[in-house]
$ cat input35.cif   # mmCIF, C-alpha atoms
data_structure
#
loop_
_atom_site.label_atom_id
_atom_site.label_comp_id
_atom_site.auth_asym_id
_atom_site.auth_seq_id
_atom_site.Cartn_x
_atom_site.Cartn_y
_atom_site.Cartn_z
CA MET A 718 -13.88 43.02 144.27
CA ASP A 719 -17.51 41.89 144.53
CA SER A 720 -18.60 39.05 146.79
CA ASN A 721 -18.78 36.47 144.00
CA SER A 722 -15.22 37.23 142.92
CA PHE A 723 -14.01 37.00 146.53
CA THR A 724 -15.94 33.81 147.25
CA TYR A 725 -14.90 31.90 144.14
CA SER A 726 -11.37 33.17 143.51
CA TRP A 727 -9.91 30.61 145.92
CA LEU A 728 -12.04 27.84 144.38
CA LYS A 729 -10.67 28.77 140.96
CA ILE A 730 -7.09 28.76 142.29
CA ILE A 731 -7.45 25.33 143.90
CA THR A 732 -9.19 23.85 140.86
CA TYR A 733 -6.68 25.36 138.43
CA ASN A 734 -3.65 24.06 140.32
CA GLY A 735 -5.16 20.60 140.78
CA HIS A 736 -6.02 20.46 137.09
CA ALA A 737 -2.54 21.69 136.13
CA LEU A 738 -0.96 18.90 138.19
CA LEU A 739 -3.15 16.26 136.55
CA ARG A 740 -2.31 17.71 133.12
CA HIS A 741 1.39 17.43 133.90
CA LEU A 742 1.10 13.81 135.04
CA SER A 743 -1.01 12.90 132.01
CA TRP A 744 1.42 14.60 129.63
CA SER A 745 4.32 12.72 131.23
CA LEU A 746 2.57 9.38 130.76
CA ILE A 747 1.72 10.20 127.14
CA SER A 748 5.35 11.17 126.46
CA LEU A 749 6.52 7.75 127.66
CA GLY A 750 4.46 6.11 124.92
CA VAL A 751 5.73 8.27 122.07
CA PRO A 752 8.60 6.71 120.08
CA LYS A 753 11.75 8.81 120.04
CA GLY A 754 12.70 10.04 116.58
CA ARG A 755 14.29 13.09 115.07
CA GLN A 756 13.56 16.22 117.09
CA THR A 757 12.67 19.51 115.42
CA ARG A 758 13.31 22.87 117.05
CA VAL A 759 10.32 25.14 116.46
CA ILE A 760 10.78 28.84 117.24
CA CYS A 761 7.48 30.57 118.02
CA LEU A 762 6.81 34.30 118.16
CA ALA A 763 3.91 36.68 117.61
CA ASP A 764 2.85 40.28 118.22
CA THR A 765 6.20 41.90 117.45
CA HIS A 766 4.39 45.04 116.16
CA SER A 767 7.19 46.38 113.90
CA GLN A 768 9.86 45.71 116.54
CA ARG A 769 12.69 43.20 116.39
CA CYS A 770 14.14 40.82 118.95
CA ASP A 771 16.83 38.17 119.21
CA ILE A 772 15.66 34.94 117.60
CA PRO A 773 17.27 31.61 118.57
CA TYR A 774 18.03 29.18 115.78
CA GLY A 775 15.73 26.30 114.92
CA GLU A 776 14.69 24.29 111.88
CA LEU A 777 11.25 25.95 111.80
CA LEU A 778 10.31 29.57 112.58
CA ILE A 779 6.64 30.50 113.13
CA HIS A 780 5.24 34.03 113.44
CA ALA A 781 1.59 34.00 114.57
CA GLY A 782 0.54 37.48 113.47
CA ASP A 783 0.68 41.19 114.29
CA LEU A 784 3.93 41.68 112.46
CA SER A 785 3.27 45.43 112.20
CA GLN A 786 2.10 48.27 114.41
CA ASN A 787 -0.15 50.21 112.04
CA GLY A 788 -0.59 47.68 109.23
CA SER A 789 0.77 49.59 106.25
CA ALA A 790 2.34 47.79 103.30
CA THR A 791 5.67 49.48 103.99
CA GLU A 792 5.74 48.37 107.62
CA ILE A 793 4.81 44.80 106.76
CA GLN A 794 7.47 44.49 104.04
CA GLU A 795 10.13 45.75 106.46
CA ILE A 796 9.30 42.96 108.92
CA ILE A 797 9.14 40.40 106.10
CA ASP A 798 12.64 41.50 105.06
CA TRP A 799 13.84 41.00 108.64
CA LEU A 800 12.33 37.50 108.78
CA LYS A 801 13.85 36.67 105.38
CA SER A 802 17.29 37.55 106.73
CA LEU A 803 17.07 34.97 109.52
CA PRO A 804 18.87 31.62 108.92
CA HIS A 805 15.98 29.26 109.73
CA LYS A 806 15.37 26.64 107.05
CA HIS A 807 11.56 26.91 107.12
CA LYS A 808 9.52 30.00 108.00
CA VAL A 809 5.74 30.23 108.37
CA VAL A 810 3.73 33.41 108.90
CA VAL A 811 0.09 34.31 109.45
CA ALA A 812 -1.24 37.85 109.75
CA GLY A 813 -2.94 39.40 112.77
CA ASN A 814 -5.58 42.04 113.38
CA SER A 815 -2.92 44.80 113.33
CA ASP A 816 -1.70 43.77 109.86
CA ARG A 817 -4.38 45.85 108.18
CA PHE A 818 -3.13 45.69 104.60
CA PHE A 819 -4.06 42.00 104.25
CA ASP A 820 -7.77 42.72 104.82
CA ALA A 821 -9.37 45.18 102.37
CA ARG A 822 -11.94 46.17 105.01
CA SER A 823 -9.25 47.64 107.27
CA ARG A 824 -6.63 48.78 104.75
CA LEU A 825 -5.14 52.21 105.30
CA PRO A 826 -6.18 54.92 102.78
CA GLU A 827 -2.61 55.35 101.53
CA ASP A 828 -2.50 51.64 100.60
CA MET A 829 -5.72 51.56 98.58
CA SER A 830 -4.02 52.60 95.36
CA THR A 831 -1.57 49.71 95.72
CA ILE A 832 -4.19 47.24 94.48
CA GLY A 833 -6.68 49.65 92.92
CA LEU A 834 -9.45 49.56 95.54
CA SER A 835 -11.69 52.43 96.58
CA SER A 836 -12.98 52.90 100.14
CA GLY A 837 -16.52 51.86 99.10
CA SER A 838 -15.65 48.79 97.02
CA GLU A 839 -17.49 45.50 97.59
CA GLU A 840 -14.24 43.72 98.44
CA LYS A 841 -13.92 45.89 101.54
CA LYS A 842 -17.22 44.63 102.95
CA SER A 843 -16.58 40.87 103.32
CA LEU A 844 -14.22 38.72 105.36
CA PRO A 845 -11.37 37.74 103.02
CA ASN A 846 -10.54 34.10 102.37
CA GLN A 847 -7.43 34.69 100.31
CA VAL A 848 -5.60 37.79 99.13
CA ASP A 849 -3.11 38.62 96.40
CA VAL A 850 -0.65 41.05 97.97
CA PRO A 851 2.44 42.67 96.45
CA PHE A 852 4.99 41.46 99.01
CA ASP A 853 8.37 39.86 98.45
CA TRP A 854 8.12 36.82 100.71
CA GLY A 855 11.23 35.04 99.50
CA GLU A 856 10.98 31.48 100.85
CA ILE A 857 8.56 32.38 103.67
CA HIS A 858 5.25 30.50 103.65
CA TYR A 859 2.38 32.95 104.22
CA LEU A 860 -0.77 31.08 105.30
CA GLN A 861 -4.29 32.50 105.15
CA GLY A 862 -6.68 29.61 105.54
CA THR A 863 -4.14 27.39 103.79
CA SER A 864 -1.68 24.58 104.57
CA VAL A 865 1.93 23.76 103.84
CA THR A 866 4.03 20.64 104.38
CA VAL A 867 7.67 21.19 105.31
CA ASP A 868 10.50 18.67 105.23
CA CYS A 869 12.29 18.63 108.59
CA SER A 870 14.21 15.41 107.97
CA GLY A 871 17.63 16.99 108.15
CA ILE A 872 20.66 16.42 105.94
CA SER A 873 22.24 13.71 108.11
CA SER A 874 19.02 11.90 109.01
CA THR A 875 17.89 8.77 107.20
CA ILE A 876 14.40 9.00 108.75
CA PRO A 877 12.07 11.33 106.81
CA ARG A 878 9.99 13.80 108.77
CA TYR A 879 7.30 15.91 107.17
CA ILE A 880 5.24 18.37 109.24
CA ASN A 881 1.80 19.55 108.11
CA ILE A 882 1.04 23.14 109.09
CA TYR A 883 -2.28 24.98 108.76
CA GLY A 884 -2.51 28.72 109.38
CA ALA A 885 -5.25 31.36 109.50
CA PRO A 886 -5.36 34.97 110.78
CA PHE A 887 -9.04 35.30 111.80
CA ALA A 888 -9.97 36.60 115.26
CA PRO A 889 -13.18 37.53 117.12
CA GLU A 890 -14.17 41.19 117.08
CA CYS A 891 -12.06 43.42 119.31
CA GLY A 892 -12.81 46.79 117.69
CA PRO A 893 -14.06 48.38 114.45
CA ASN A 894 -13.41 46.43 111.21
CA THR A 895 -11.96 49.61 109.72
CA GLU A 896 -9.12 49.42 112.27
CA ASN A 897 -8.66 45.67 112.77
CA ALA A 898 -8.10 43.02 110.13
CA PHE A 899 -9.74 39.59 109.79
CA GLN A 900 -12.38 40.12 112.48
CA TYR A 901 -15.65 38.20 112.70
CA PRO A 902 -18.66 38.53 115.02
CA VAL A 903 -18.37 36.35 118.12
CA SER A 904 -21.58 34.58 117.05
CA HIS A 905 -20.08 33.62 113.67
CA ASN A 906 -18.09 30.40 113.21
CA PRO A 907 -15.38 30.75 110.51
CA TRP A 908 -13.54 27.59 111.63
CA ALA A 909 -16.07 24.80 111.05
CA GLY A 910 -14.48 22.06 108.91
CA LYS A 911 -11.60 24.31 107.81
CA ILE A 912 -8.65 22.76 109.69
CA PRO A 913 -7.42 19.53 108.03
CA GLU A 914 -7.39 16.48 110.29
CA SER A 915 -3.79 15.79 109.23
CA THR A 916 -2.58 19.08 110.77
CA ASP A 917 0.48 18.64 113.00
CA ILE A 918 0.97 22.34 113.78
CA LEU A 919 -1.87 24.85 113.88
CA VAL A 920 -1.00 28.54 113.62
CA THR A 921 -3.69 31.14 114.36
CA HIS A 922 -3.60 34.68 115.62
CA THR A 923 -6.41 34.20 118.11
CA PRO A 924 -6.17 31.74 120.99
CA PRO A 925 -8.93 29.22 121.66
CA LYS A 926 -11.35 29.93 124.49
CA PHE A 927 -10.02 29.31 128.04
CA HIS A 928 -6.49 28.42 126.92
CA ARG A 929 -3.81 31.10 127.28
CA ASP A 930 -6.43 33.73 126.38
CA TRP A 931 -6.99 35.49 129.70
CA TYR A 932 -6.90 39.28 129.56
CA TYR A 933 -6.73 39.61 133.32
CA GLU A 934 -10.07 38.05 134.41
CA SER A 935 -11.65 37.93 130.95
CA PRO A 936 -11.08 35.04 128.47
CA GLU A 937 -10.79 36.56 124.98
CA GLY A 938 -10.28 33.42 122.89
CA CYS A 939 -12.61 31.87 120.33
CA PRO A 940 -15.04 29.09 121.41
CA TRP A 941 -15.51 27.99 117.77
CA LEU A 942 -11.77 27.45 117.38
CA LEU A 943 -11.79 25.39 120.58
CA GLN A 944 -14.50 23.16 119.11
CA GLU A 945 -12.29 22.41 116.11
CA LEU A 946 -9.28 21.71 118.31
CA TRP A 947 -11.23 18.97 120.08
CA LYS A 948 -11.71 17.34 116.66
CA VAL A 949 -8.27 17.86 115.08
CA ARG A 950 -5.96 17.72 118.15
CA PRO A 951 -2.70 18.94 116.57
CA LEU A 952 0.63 18.32 118.28
CA LEU A 953 1.28 22.06 118.59
CA HIS A 954 -0.93 25.17 118.45
CA VAL A 955 0.85 28.53 118.13
CA PHE A 956 -1.00 31.84 118.57
CA GLY A 957 -0.72 35.29 120.15
CA HIS A 958 -3.12 38.25 120.25
CA VAL A 959 -3.67 38.32 124.04
CA HIS A 960 -0.41 39.78 125.30
CA THR A 961 -1.17 39.15 128.98
CA SER A 962 -1.35 35.36 128.54
CA TYR A 963 2.11 34.73 127.11
CA GLY A 964 3.33 31.25 127.94
CA THR A 965 2.72 27.57 127.28
CA GLU A 966 0.02 25.13 128.34
CA ARG A 967 -0.12 21.36 127.91
CA VAL A 968 -3.66 20.25 127.09
CA VAL A 969 -4.74 16.61 127.37
CA TRP A 970 -7.97 15.95 125.48
CA ASN A 971 -9.96 14.04 128.08
CA ASP A 972 -13.03 14.49 130.26
CA GLY A 973 -11.01 16.43 132.83
CA GLU A 974 -10.19 19.07 130.19
CA SER A 975 -13.82 19.27 129.12
CA ARG A 976 -14.89 19.74 132.73
CA TRP A 977 -12.26 22.45 133.23
CA GLU A 978 -13.60 24.40 130.26
CA GLU A 979 -17.15 24.01 131.59
CA PHE A 980 -15.99 25.24 135.02
CA CYS A 981 -14.40 28.34 133.43
CA SER A 982 -17.57 28.97 131.44
CA ASP A 983 -19.71 28.79 134.58
CA LEU A 984 -17.39 31.22 136.37
CA GLN A 985 -17.93 33.74 133.57
CA LYS A 986 -21.70 33.48 133.99
CA LEU A 987 -21.70 34.41 137.67
CA PRO A 988 -23.71 37.61 138.21
CA SER A 989 -21.95 40.44 139.99
CA GLN A 990 -23.11 41.21 143.54
CA ASP A 991 -22.25 44.91 143.02
CA GLY A 992 -21.20 45.40 146.61
CA ARG A 993 -24.15 43.56 148.11
CA PRO A 994 -23.42 41.34 151.15
CA ILE A 995 -22.55 37.69 150.65
CA THR A 996 -25.60 35.47 151.01
CA LEU A 997 -26.11 31.72 151.10
CA ALA A 998 -27.61 31.92 147.60
CA SER A 999 -24.49 33.67 146.24
CA ILE A 1000 -22.17 31.08 147.80
CA PHE A 1001 -24.07 27.85 147.24
CA ARG A 1002 -24.13 27.25 143.51
CA PRO A 1003 -24.25 23.45 143.20
CA LYS A 1004 -23.27 23.23 139.53
CA LEU A 1005 -20.09 25.26 140.02
CA TRP A 1006 -18.99 23.14 142.96
CA LEU A 1007 -19.88 19.98 141.05
CA ASP A 1008 -17.85 21.13 138.04
CA ALA A 1009 -14.83 21.78 140.28
CA ALA A 1010 -15.10 18.29 141.77
CA MET A 1011 -15.57 16.67 138.36
CA VAL A 1012 -12.47 18.43 136.98
CA MET A 1013 -10.42 16.48 139.54
CA LEU A 1014 -12.28 13.18 139.32
CA CYS A 1015 -12.29 13.06 135.51
CA GLY A 1016 -8.63 14.07 135.42
CA LEU A 1017 -7.76 11.17 137.72
CA ARG A 1018 -9.77 8.79 135.58
CA GLY A 1019 -7.94 10.09 132.51
CA LEU A 1020 -4.62 9.05 134.04
CA LEU A 1021 -5.84 5.45 134.18
CA THR A 1022 -6.99 5.32 130.55
CA ILE A 1023 -4.12 7.07 128.75
CA ALA A 1024 -2.33 3.81 127.89
CA TRP A 1025 -5.31 2.58 125.87
CA ARG A 1026 -5.51 5.53 123.49
CA ARG A 1027 -3.51 6.97 120.59
CA PRO A 1028 -0.92 9.21 122.27
CA GLU A 1029 -0.13 11.23 119.12
CA ARG A 1030 -3.65 12.71 119.02
CA GLN A 1031 -4.34 12.78 122.74
CA SER A 1032 -2.61 16.02 123.66
CA THR A 1033 -1.64 19.44 122.31
CA LEU A 1034 0.98 21.93 123.42
CA MET A 1035 -0.61 25.40 123.38
CA VAL A 1036 1.85 28.28 122.91
CA ASN A 1037 0.88 31.93 123.32
CA ALA A 1038 3.94 33.48 121.67
CA ALA A 1039 3.00 37.18 122.10
CA CYS A 1040 6.31 39.01 122.45
CA MET A 1041 4.70 42.39 123.19
CA SER A 1042 4.15 43.22 126.85
CA ASP A 1043 1.78 45.79 128.35
CA ASP A 1044 4.42 48.53 128.38
CA GLY A 1045 4.67 48.57 124.56
CA HIS A 1046 8.02 46.80 124.36
CA LEU A 1047 9.03 43.27 123.44
CA GLY A 1048 9.29 42.02 126.99
CA ASN A 1049 8.65 38.36 126.14
CA GLY A 1050 11.14 36.25 124.24
CA PRO A 1051 10.38 33.73 121.50
CA HIS A 1052 9.54 30.19 122.60
CA MET A 1053 11.74 27.28 121.52
CA ILE A 1054 9.65 24.12 121.31
CA ILE A 1055 11.21 20.71 120.75
CA LEU A 1056 8.77 18.72 118.62
#
$ encode --input "input35.cif" --output "structure tokens"
Amino acid sequence: MDSNSFTYSWLKIITYNGHALLRHLSWSLISLGVPKGRQTRVICLADTHSQRCDIPYGELLIHAGDLSQNGSATEIQEIIDWLKSLPHKHKVVVAGNSDRFFDARSRLPEDMSTIGLSSGSEEKKSLPNQVDVPFDWGEIHYLQGTSVTVDCSGISSTIPRYINIYGAPFAPECGPNTENAFQYPVSHNPWAGKIPESTDILVTHTPPKFHRDWYYESPEGCPWLLQELWKVRPLLHVFGHVHTSYGTERVVWNDGESRWEEFCSDLQKLPSQDGRPITLASIFRPKLWLDAAMVMLCGLRGLLTIAWRRPERQSTLMVNAACMSDDGHLGNGPHMIIL
């Protein structure tokens, strides 16, 4: 560990835990202001990679991509058939970077003849917006930059409940386009203006930057997606992709959250000391210390102002639903979210 990592690891731990506590308090206050209505059980999973696991029952099942291991049409249809057999009333699926058939740029050679493409065709060279694929989806809603509204009112309920869901598979580059579907350069923004403001549940394969996207010490999420989340603020965001960050995170859209993201960004910009001794210059970085202090101060201020804002668009539950663990098995279970 270099001197910067050693010096600032404890600052990150203290700031993270303080921010997490303020998030929890803010979320609790917001929940008090939300009227109680019909609850919907949402089952979230991702990154099953051609494996199967026990799925609890809920009204809505969401798979956030990487259904398959190698991305062939045969593999994908097998997992679709498994999902079709489950008893959930509504099912929503997006693809992931491992689901290569959906993106002509990454499609396996044996699948080219399925839709009559050659390896040098123009369709293989551009990021797809929509695709016509020969799968039997049954009643599953496959989303690729599209939306669906599902009726979760329930048979015995007299109160209607409709949930708007937007889904997209795109993810920042993590390898060659010939091996990974739906990739875009990290400098390219495919999300601008694409997510409808009426979205209640957002389903993407990639996480947003700095939220359940940490591959050990490296955040792998998309900053452009994070920008759109600040605008849309859905009730629930389901994703996967980064297996090491499985779990949930309650985000409150206030100045404290903005300062936390800025603090994380500044940590990533710290130059490595490469074994050089710790110096006053390496320790005393005023902006980083100021960001850490402002995370706490702005979070406290946010607690005082929550009652004056619209609670339904003030917070988002982030769910990294990656079932695959580092050992190649489905070590993480699906999340059940009560919405």
$ resolve_selection --input "input35.cif" --expression "the PyMOL selection byres ((chain A and resi 857-872) around 9)" --output "number ranges by chain"
A: 755-757, 776-777, 797, 800-801, 806-812, 846-848, 854-856, 873-887, 911-913, 916, 920
$ atom_distance --input "input35.cif" --atom1 "atom CA of A:Ser789" --atom2 "atom CA of A:Pro1051"
24.0 Å
$ atom_distance --input "input35.cif" --atom1 "atom CA of A:Asn894" --atom2 "atom CA of A:His780"
22.5 Å
$ closest_atom_pairs --input "input35.cif" --of "stretch 880-974 of chain A" --to "stretch 1031-1034 of chain A" --cutoff "6 Å" --atoms "all atoms listed in the file" --output "tab-separated table"
residue	atom	partner	partner_atom	distance
A:Pro951	CA	A:Thr1033	CA	5.9
A:Leu952	CA	A:Thr1033	CA	4.8
A:Leu953	CA	A:Leu1034	CA	4.8
A:Glu966	CA	A:Leu1034	CA	5.9
A:Arg967	CA	A:Leu1034	CA	4.7
A:Val968	CA	A:Thr1033	CA	5.3
A:Val969	CA	A:Ser1032	CA	4.3
A:Trp970	CA	A:Gln1031	CA	5.5
$ closest_residue --input "input35.cif" --among "A:Tyr932, A:Arg976, A:Trp799, A:Ser982" --to "A:Leu1007" --atoms "only C-alpha atoms"
A:Arg976
$ closest_residue --input "input35.cif" --among "A:Asp764, A:Glu914, A:Glu795, A:Asp820" --to "A:Lys948" --atoms "all atoms listed in the file"
A:Glu914
$ atom_distance --input "input35.cif" --atom1 "atom CA of A:Arg929" --atom2 "atom CA of A:Ser962"
5.1 Å
$ closest_residue --input "input35.cif" --among "A:Asn787, A:Ser815, A:Glu792, A:Phe927" --to "A:Gly892" --atoms "all atoms listed in the file"
A:Ser815
$ resolve_selection --input "input35.cif" --expression "the PyMOL selection byres ((chain A and resi 900-906) around 9)" --output "PyMOL selection string"
chain A and resi 814+844+886-894+897-899+907-909+939-942
$ residues_around --input "input35.cif" --residues "A:Met1013" --least-positions-apart "2" --cutoff "9 Å" --atoms "all atoms listed in the file" --output "list in words"
Thr732, Gly735, His736, Leu739, Gly973, Arg976, Trp977, Asp1008, Ala1009, Ala1010, Met1011, Cys1015, Gly1016, Leu1017 and Arg1018 of chain A
$ resolve_selection --input "input35.cif" --expression "the PyMOL selection byres ((chain A and resi 852) around 9)" --output "list in words"
Ala790, Ile793, Gln794, Ile797, Asp849, Val850, Pro851, Asp853, Trp854 and Gly855 of chain A
$ closest_residue --input "input35.cif" --among "A:Thr791, A:Gln786, A:Thr921, A:Gln944" --to "A:Asn1037" --atoms "only C-alpha atoms"
A:Thr921
$ closest_residue --input "input35.cif" --among "A:Gly813, A:Pro936, A:Pro924, A:Gly1019" --to "A:Thr965" --atoms "only C-alpha atoms"
A:Pro924
$ closest_residue --input "input35.cif" --among "A:Phe980, A:Gly957, A:Arg740, A:Glu896" --to "A:Cys1040" --atoms "only C-alpha atoms"
A:Gly957
